[in-house]
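Novice: Before I ask anything, let me first share the structure, which is written out below as structure tokens.
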Amino acid sequence: MNGLLLLGITAVVLIGAYLLYGRYLVKEWGIDVTAKTPAVKKEDGVDYVPSNKWEVFAHQFSSIAGAGPVTGPVMAMMFGWLPAFLWIIVGGIFFGAVQDFASLYTSVKSDGKSIGQLIEIYIGKTGRKLFFLFCWLFTLLVIAAFADMVAGTFHGFRADGSKLQPNAAAASISILYVFVAIAFGLFLRKTKIDGWKQAVLGIVLIVAMLAAGIAFPVYLQKQSWLYLVFVYIFFASVTPMWLLKQPRDYLTTFLFVGMIIAAVIGVVISNPTISTPVFTGFVSANGSYLFPTLFVTIACGAVSGFHSLVSSETSSKQIRNEKDMLQVGYGSMLLESLLAVLVIVIVGSLTNLADTGVLNNDLAAMALADTATPFTKFSVGVTGLISKLGMPQEWGLCIMTMFVSALALTSLDAVARIGRLSFQELFEIEEGKAVSPAVKVLTNKYFATIITLAGGYLLSLGGYNNIWPLFGSANQLLAAMVLISLSVFLKVTGRKGFMLYAPMTMMLVVTMTSLGMSVYSICKKIFVTGGFAFLTDGLQLFFALLLMGLGLLIAFSSGKKLVERKPQPNRDSLVRE
């Protein structure tokens with residue numbers, strides 16, 4: 001298959017989906033461009049910060065475009081590139097983008113309330129508590145997986161003790177990103193510049209940071225970086241959005257989009273051929289079944305429950321005008337789907353790129369090694385492509401390593417904040433009731449952040465590889481629960497929600513099947529084959545059973561509300577104060 005043709009088909013289909021299906025959803029659900037959004041009504045300079053649509057888009061995209069768009073598609077190609085491609089296209093348009101937009105829309109229309117708070121309004125207090133508990137446990141898995149991943153990427157030494165310059169340079173650039181983002185945020189706050197001037201300044205800062213990071217790499221061990229990553233996400237979780245998170249996301253988006261554009265140009269120039277099999281069968285070489293494995297392996301890029309948390313917990317509190325929601329919610333997801341297909345094209349073409357000389361011998365050996373990770377494959381592939389544009393391959397590999405780590409790091413600081421908010425909301429009591437000293441402590445943002453990060457750190461000790469399968473299942477189960485809850489909101493407020501019924505049903509069946517298979521596999525180790533390890537298998541068994549139980553309880557509570565036959569009020573009577 002010609003990689004350029006596949007990428008072109010993807011771009012046309014996704015643009016068409018945005019213009020047709022995205023606008024159809026806006027028409028069906030309705031927006032009010034004159035309404036005061038929660039960001040405007042509740043502006044506090046910390047969480048509620050009205051921002052222009054490009055800043056919110058940058059935050060949304062950089063937060064959701066984590067490790068998934070790279071890792072998932074590469075792993076899913078064990079079934080061939082065609083099943084992975086089809087799931088990304090269908091899932092991205094009709095599952096993921098709909099969920100992300102609906103989550104953002106629902107929160108904005110509900111005075112900035114999170115999904116869990118909406119569950120309490122439309123389903124009940126028990127459902128709310130269960131949902132926030134599930135969300136908090138889920139964020140621990142994300143923090144553990146992504147923190148271990150970032151620390152491993154920054155590890156500056158090979159097994160023989162020699163230095164790894166690309167990793168150290170990526171780490172150096174990431175450190176600069178934090179301090180430059182704070183300075184950028186303060187500068188914007190003081191000067192109020194926006195538009196093209198802000199964009200030009202951002203691009204100049206990015207180029208300067210890349211050059212400085214490559215010139216002055218920082219060499220530290222993985223464990224040291226793990227500690228520093230947790231220190232960073234602590235501050236990212238508690239500081240005002242405008243000071244660190246928002247400017248960092250804004251700057252990072254230029255890096256993301258720049259790398260995507262460079263990779264696309266590289267594909268156009270090299271015109272690679274996808275050499276991996278089109279379809280390998282319904283059972284992979286390692287014994288995994290296409291159903292449900294494919295639909296759990298590819299989350300980001302198709303549909304991801306984590307995205308709904310970003311939409312309702314942070315992005316909804318930055319929307320300045322309701323007309324911006326389509327671009328932020330629906331558009332950012334489609335851009336992520338394009339990134340996922342770009343990964344398929346590049347990684348699927350590695351053999352062809354090596355044979356045609358796009359990859360030199362060192363890069364080819366690195367990318368095609370049996371031990372090569374999805375990140376390595378993608379980074380090396382893009383490095384080879386952009387080297388055709390005149391960039392030295394040493395620079396390209398440093399920048400691509402930074403790009404991959406930034407994917408995980410931007411999701412990591414977002415999920416740390418979401419985990420803190422979920423923990424606080426889990427223990428919040430009704431307004432007007434007496435607050436006990438214990439509740440004051442549990443809802444304190446610093447205490448909630450420390451508890452959340454401590455849980456994530458303990459889970460990270462098991463390693464990224466052991467956490468990822470469980471993270472994938474939990475992520476897709478969260479998507480199923482969110483879709484059910486959003487369907488309830490749309491019904492209760494007199495809006496059409498039939499477009500969510502098929503996605504929510506499929507994702508519930510997929511995740512319950514996947515978690516059930518995981519439980520069976522672990523139990524088989526305990527009672528039949530042996531090899532059970534408590535730190536990895538025991539932890540996964542505990543979380544799998546807990547997530548299945550919580551998921552079923554929430555789905556049951558929401559499902560009862562969804563099938564009730566009661567007269568519905570006017571669509572805006574429950575969501576406007």
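Residue numbering restarts at 1 for every chain of the structure tokens, chains are lettered A, B, ... in their displayed order, and ligands are numbered from 1 as they appear.
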Determine, for each residue of range 404-437 of chain A having at least one atom at most 9 Å from an atom of range 151-175 of chain A, the closest pair of atoms and their separation in Å to one decimal, counting only C-alpha atoms; order by chain and ascending number, as JSON lines.
Specialist:
```
{"residue": "A:Val404", "atom": "CA", "partner": "A:Thr153", "partner_atom": "CA", "distance": 8.4}
{"residue": "A:Ser405", "atom": "CA", "partner": "A:Thr153", "partner_atom": "CA", "distance": 6.4}
{"residue": "A:Ala406", "atom": "CA", "partner": "A:Ser174", "partner_atom": "CA", "distance": 7.6}
{"residue": "A:Leu409", "atom": "CA", "partner": "A:Ser174", "partner_atom": "CA", "distance": 9.0}
```
Novice: Measuring atom to atom with only C-alpha atoms, identify which of A:Ser485, A:Ser337, A:Ser422, A:Thr452 is nearest to Leu133 in chain A.
Specialist: A:Ser422
Novice: Measuring atom to atom with only C-alpha atoms, identify which of A:Leu86, A:Met75, A:Ala39, A:Ala408 is nearest to Ile143 in chain A.
Specialist: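 Checking each of A:Leu86, A:Met75, A:Ala39, A:Ala408 against Ile143 in chain A, counting only C-alpha atoms, the winner is A:Ala408.
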Novice: Could you check which of A:Leu342, A:Met481, A:Leu326, A:Met499 is closest to Phe556 in chain A, using only C-alpha atoms?
Specialist: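 Among A:Leu342, A:Met481, A:Leu326, A:Met499, it is A:Met481 that comes nearest to Phe556 in chain A.
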Novice: Fewer than 2 positions away in the same chain doesn't count, so skip those; otherwise give me all residues within 10 Å of range 76-81 of chain A, counting only C-alpha atoms, as a VMD selection string.
Specialist: chain A and resid 1 71 to 74 83 to 86 274 to 286 288 to 290 293 to 298 341 344 to 345 347 to 348
Novice: Write out as number ranges by chain which residues come within 9 Å of Ser107 in chain A when counting only C-alpha atoms, dropping same-chain ones fewer than 2 positions away.
Specialist: A: 38, 102-105, 109-115, 118, 311-313, 316-317
Novice: Please, could you write that set of residues out with C-alpha atoms as an mmCIF file, in the first residue's frame?
Specialist:
```cif
data_model
loop_
_atom_site.group_PDB
_atom_site.id
_atom_site.type_symbol
_atom_site.label_atom_id
_atom_site.label_comp_id
_atom_site.auth_asym_id
_atom_site.auth_seq_id
_atom_site.Cartn_x
_atom_site.Cartn_y
_atom_site.Cartn_z
ATOM 1 C CA PRO A 38 -18.570 28.888 32.931
ATOM 2 C CA ALA A 102 -20.161 15.684 23.939
ATOM 3 C CA SER A 103 -18.164 15.731 27.190
ATOM 4 C CA LEU A 104 -16.996 19.286 26.559
ATOM 5 C CA TYR A 105 -20.458 20.381 25.428
ATOM 6 C CA LYS A 109 -23.811 23.654 29.233
ATOM 7 C CA SER A 110 -23.839 22.515 32.865
ATOM 8 C CA ASP A 111 -21.946 25.419 34.415
ATOM 9 C CA GLY A 112 -18.547 23.738 34.170
ATOM 10 C CA LYS A 113 -19.504 20.628 36.118
ATOM 11 C CA SER A 114 -17.410 17.503 35.616
ATOM 12 C CA ILE A 115 -18.839 14.217 34.381
ATOM 13 C CA LEU A 118 -23.375 15.505 36.277
ATOM 14 C CA SER A 311 -12.800 17.888 28.189
ATOM 15 C CA SER A 312 -14.949 18.172 31.312
ATOM 16 C CA GLU A 313 -12.371 18.836 34.030
ATOM 17 C CA SER A 316 -14.620 23.279 29.661
ATOM 18 C CA LYS A 317 -13.362 25.797 32.224
#
```
Novice: Pick out the residues sitting within 12 Å of Thr505 in chain A, and hand them over as a list of chain:residue names; count only C-alpha atoms, and ignore anything fewer than 2 positions along from it in its own chain.
Specialist: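 Surrounding residues, per the criterion: A:Phe95, A:Gln476, A:Leu477, A:Ala479, A:Ala480, A:Met481, A:Val482, A:Leu483, A:Ile484, A:Ser487, A:Phe498, A:Met499, A:Leu500, A:Tyr501, A:Ala502, A:Pro503, A:Met507, A:Leu508, A:Val509, A:Val510, A:Thr511, A:Met512, A:Ala555, A:Gly559.
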Novice: Run DSSP on the backbone and grab whatever in range 124-278 of chain A lands in helix (DSSP H, G or I); send it over as number ranges by chain.
Specialist: A: 125-154, 165-191, 195-215, 222-238, 245-270
Novice: Produce a file of the selected residues containing C-alpha atoms, as a tab-separated table (two decimals), in the first residue's frame.
Specialist:
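The resulting out_20.tsv:
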```tsv
chain	number	residue	atom	x	y	z
A	125	LYS	CA	-25.20	10.41	44.61
A	126	THR	CA	-24.10	6.77	44.66
A	127	GLY	CA	-23.31	6.86	40.96
A	128	ARG	CA	-21.29	10.03	41.48
A	129	LYS	CA	-19.18	8.53	44.26
A	130	LEU	CA	-18.53	5.35	42.26
A	131	PHE	CA	-17.55	7.34	39.20
A	132	PHE	CA	-15.09	9.57	41.04
A	133	LEU	CA	-13.55	6.53	42.71
A	134	PHE	CA	-13.16	4.87	39.32
A	135	CYS	CA	-11.67	8.04	37.81
A	136	TRP	CA	-9.21	8.43	40.64
A	137	LEU	CA	-8.03	4.81	40.37
A	138	PHE	CA	-7.74	5.24	36.63
A	139	THR	CA	-5.56	8.34	36.98
A	140	LEU	CA	-3.19	6.36	39.20
A	141	LEU	CA	-2.68	3.89	36.35
A	142	VAL	CA	-2.04	6.69	33.86
A	143	ILE	CA	0.39	8.46	36.17
A	144	ALA	CA	2.27	5.21	36.81
A	145	ALA	CA	2.54	4.23	33.14
A	146	PHE	CA	3.43	7.65	31.75
A	147	ALA	CA	5.84	8.62	34.56
A	148	ASP	CA	7.80	5.39	34.09
A	149	MET	CA	7.77	5.99	30.33
A	150	VAL	CA	9.05	9.56	30.56
A	151	ALA	CA	11.75	8.67	33.10
A	152	GLY	CA	12.89	5.82	30.86
A	153	THR	CA	13.03	8.14	27.86
A	154	PHE	CA	15.18	10.64	29.78
A	165	GLN	CA	22.95	11.97	23.90
A	166	PRO	CA	19.43	11.97	22.34
A	167	ASN	CA	17.80	11.03	25.65
A	168	ALA	CA	19.84	13.55	27.63
A	169	ALA	CA	19.12	16.31	25.12
A	170	ALA	CA	15.38	15.54	25.24
A	171	ALA	CA	15.54	15.77	29.02
A	172	SER	CA	17.36	19.10	28.85
A	173	ILE	CA	14.79	20.52	26.44
A	174	SER	CA	11.97	19.34	28.74
A	175	ILE	CA	13.51	21.14	31.73
A	176	LEU	CA	13.78	24.32	29.68
A	177	TYR	CA	10.15	23.91	28.62
A	178	VAL	CA	8.95	24.17	32.21
A	179	PHE	CA	10.77	27.40	33.06
A	180	VAL	CA	10.21	29.00	29.68
A	181	ALA	CA	6.49	28.16	29.90
A	182	ILE	CA	6.22	29.93	33.27
A	183	ALA	CA	8.01	32.99	31.90
A	184	PHE	CA	5.83	32.88	28.77
A	185	GLY	CA	2.68	32.66	30.88
A	186	LEU	CA	3.70	35.63	33.03
A	187	PHE	CA	4.62	37.63	29.94
A	188	LEU	CA	1.26	36.96	28.28
A	189	ARG	CA	-0.54	37.82	31.50
A	190	LYS	CA	1.22	41.18	31.67
A	191	THR	CA	1.21	42.18	27.99
A	195	GLY	CA	-2.91	36.15	17.70
A	196	TRP	CA	0.06	35.99	15.33
A	197	LYS	CA	2.38	37.88	17.68
A	198	GLN	CA	1.87	35.26	20.38
A	199	ALA	CA	2.37	32.46	17.84
A	200	VAL	CA	5.60	33.95	16.46
A	201	LEU	CA	7.01	34.42	19.96
A	202	GLY	CA	6.08	30.82	20.81
A	203	ILE	CA	7.84	29.44	17.72
A	204	VAL	CA	10.98	31.48	18.43
A	205	LEU	CA	11.07	30.15	22.00
A	206	ILE	CA	10.67	26.56	20.78
A	207	VAL	CA	13.56	26.86	18.32
A	208	ALA	CA	15.76	28.42	21.00
A	209	MET	CA	14.92	25.67	23.50
A	210	LEU	CA	15.63	22.92	20.97
A	211	ALA	CA	19.01	24.42	20.13
A	212	ALA	CA	19.96	24.96	23.78
A	213	GLY	CA	18.83	21.48	24.83
A	214	ILE	CA	20.81	19.77	22.07
A	215	ALA	CA	23.90	21.84	22.93
A	222	LYS	CA	16.11	6.82	35.27
A	223	GLN	CA	15.29	6.83	38.99
A	224	SER	CA	16.48	10.41	39.38
A	225	TRP	CA	14.29	11.46	36.47
A	226	LEU	CA	11.34	9.61	38.01
A	227	TYR	CA	11.65	11.73	41.17
A	228	LEU	CA	11.95	14.93	39.12
A	229	VAL	CA	8.92	14.02	36.99
A	230	PHE	CA	6.79	13.64	40.13
A	231	VAL	CA	8.05	16.97	41.49
A	232	TYR	CA	7.08	18.63	38.21
A	233	ILE	CA	3.58	17.17	38.03
A	234	PHE	CA	2.95	18.16	41.65
A	235	PHE	CA	3.45	21.82	40.76
A	236	ALA	CA	1.58	21.39	37.45
A	237	SER	CA	-1.38	20.05	39.43
A	238	VAL	CA	-1.67	22.90	41.95
A	245	LYS	CA	-0.11	24.27	32.15
A	246	GLN	CA	-1.75	26.51	29.57
A	247	PRO	CA	1.43	28.18	28.20
A	248	ARG	CA	3.29	24.86	28.22
A	249	ASP	CA	0.49	23.19	26.27
A	250	TYR	CA	0.42	26.11	23.85
A	251	LEU	CA	4.16	25.86	23.18
A	252	THR	CA	4.08	22.06	23.00
A	253	THR	CA	1.33	22.12	20.39
A	254	PHE	CA	3.63	23.97	17.99
A	255	LEU	CA	6.17	21.20	18.52
A	256	PHE	CA	3.54	18.51	17.91
A	257	VAL	CA	2.10	20.14	14.81
A	258	GLY	CA	5.60	20.93	13.53
A	259	MET	CA	6.66	17.32	13.84
A	260	ILE	CA	3.44	16.14	12.16
A	261	ILE	CA	3.97	18.57	9.27
A	262	ALA	CA	7.64	17.57	8.95
A	263	ALA	CA	6.70	13.88	8.95
A	264	VAL	CA	3.98	14.46	6.34
A	265	ILE	CA	6.42	16.39	4.13
A	266	GLY	CA	8.90	13.55	4.59
A	267	VAL	CA	6.26	11.04	3.50
A	268	VAL	CA	5.45	13.18	0.45
A	269	ILE	CA	9.13	13.40	-0.55
A	270	SER	CA	10.01	9.74	0.15
```
Novice: Please extract the residues of range 126-352 of chain A with a backbone DSSP assignment of strand (DSSP E or B) and present them as a PyMOL selection string.
Specialist: chain A and resi 157+163+273+283+289+319
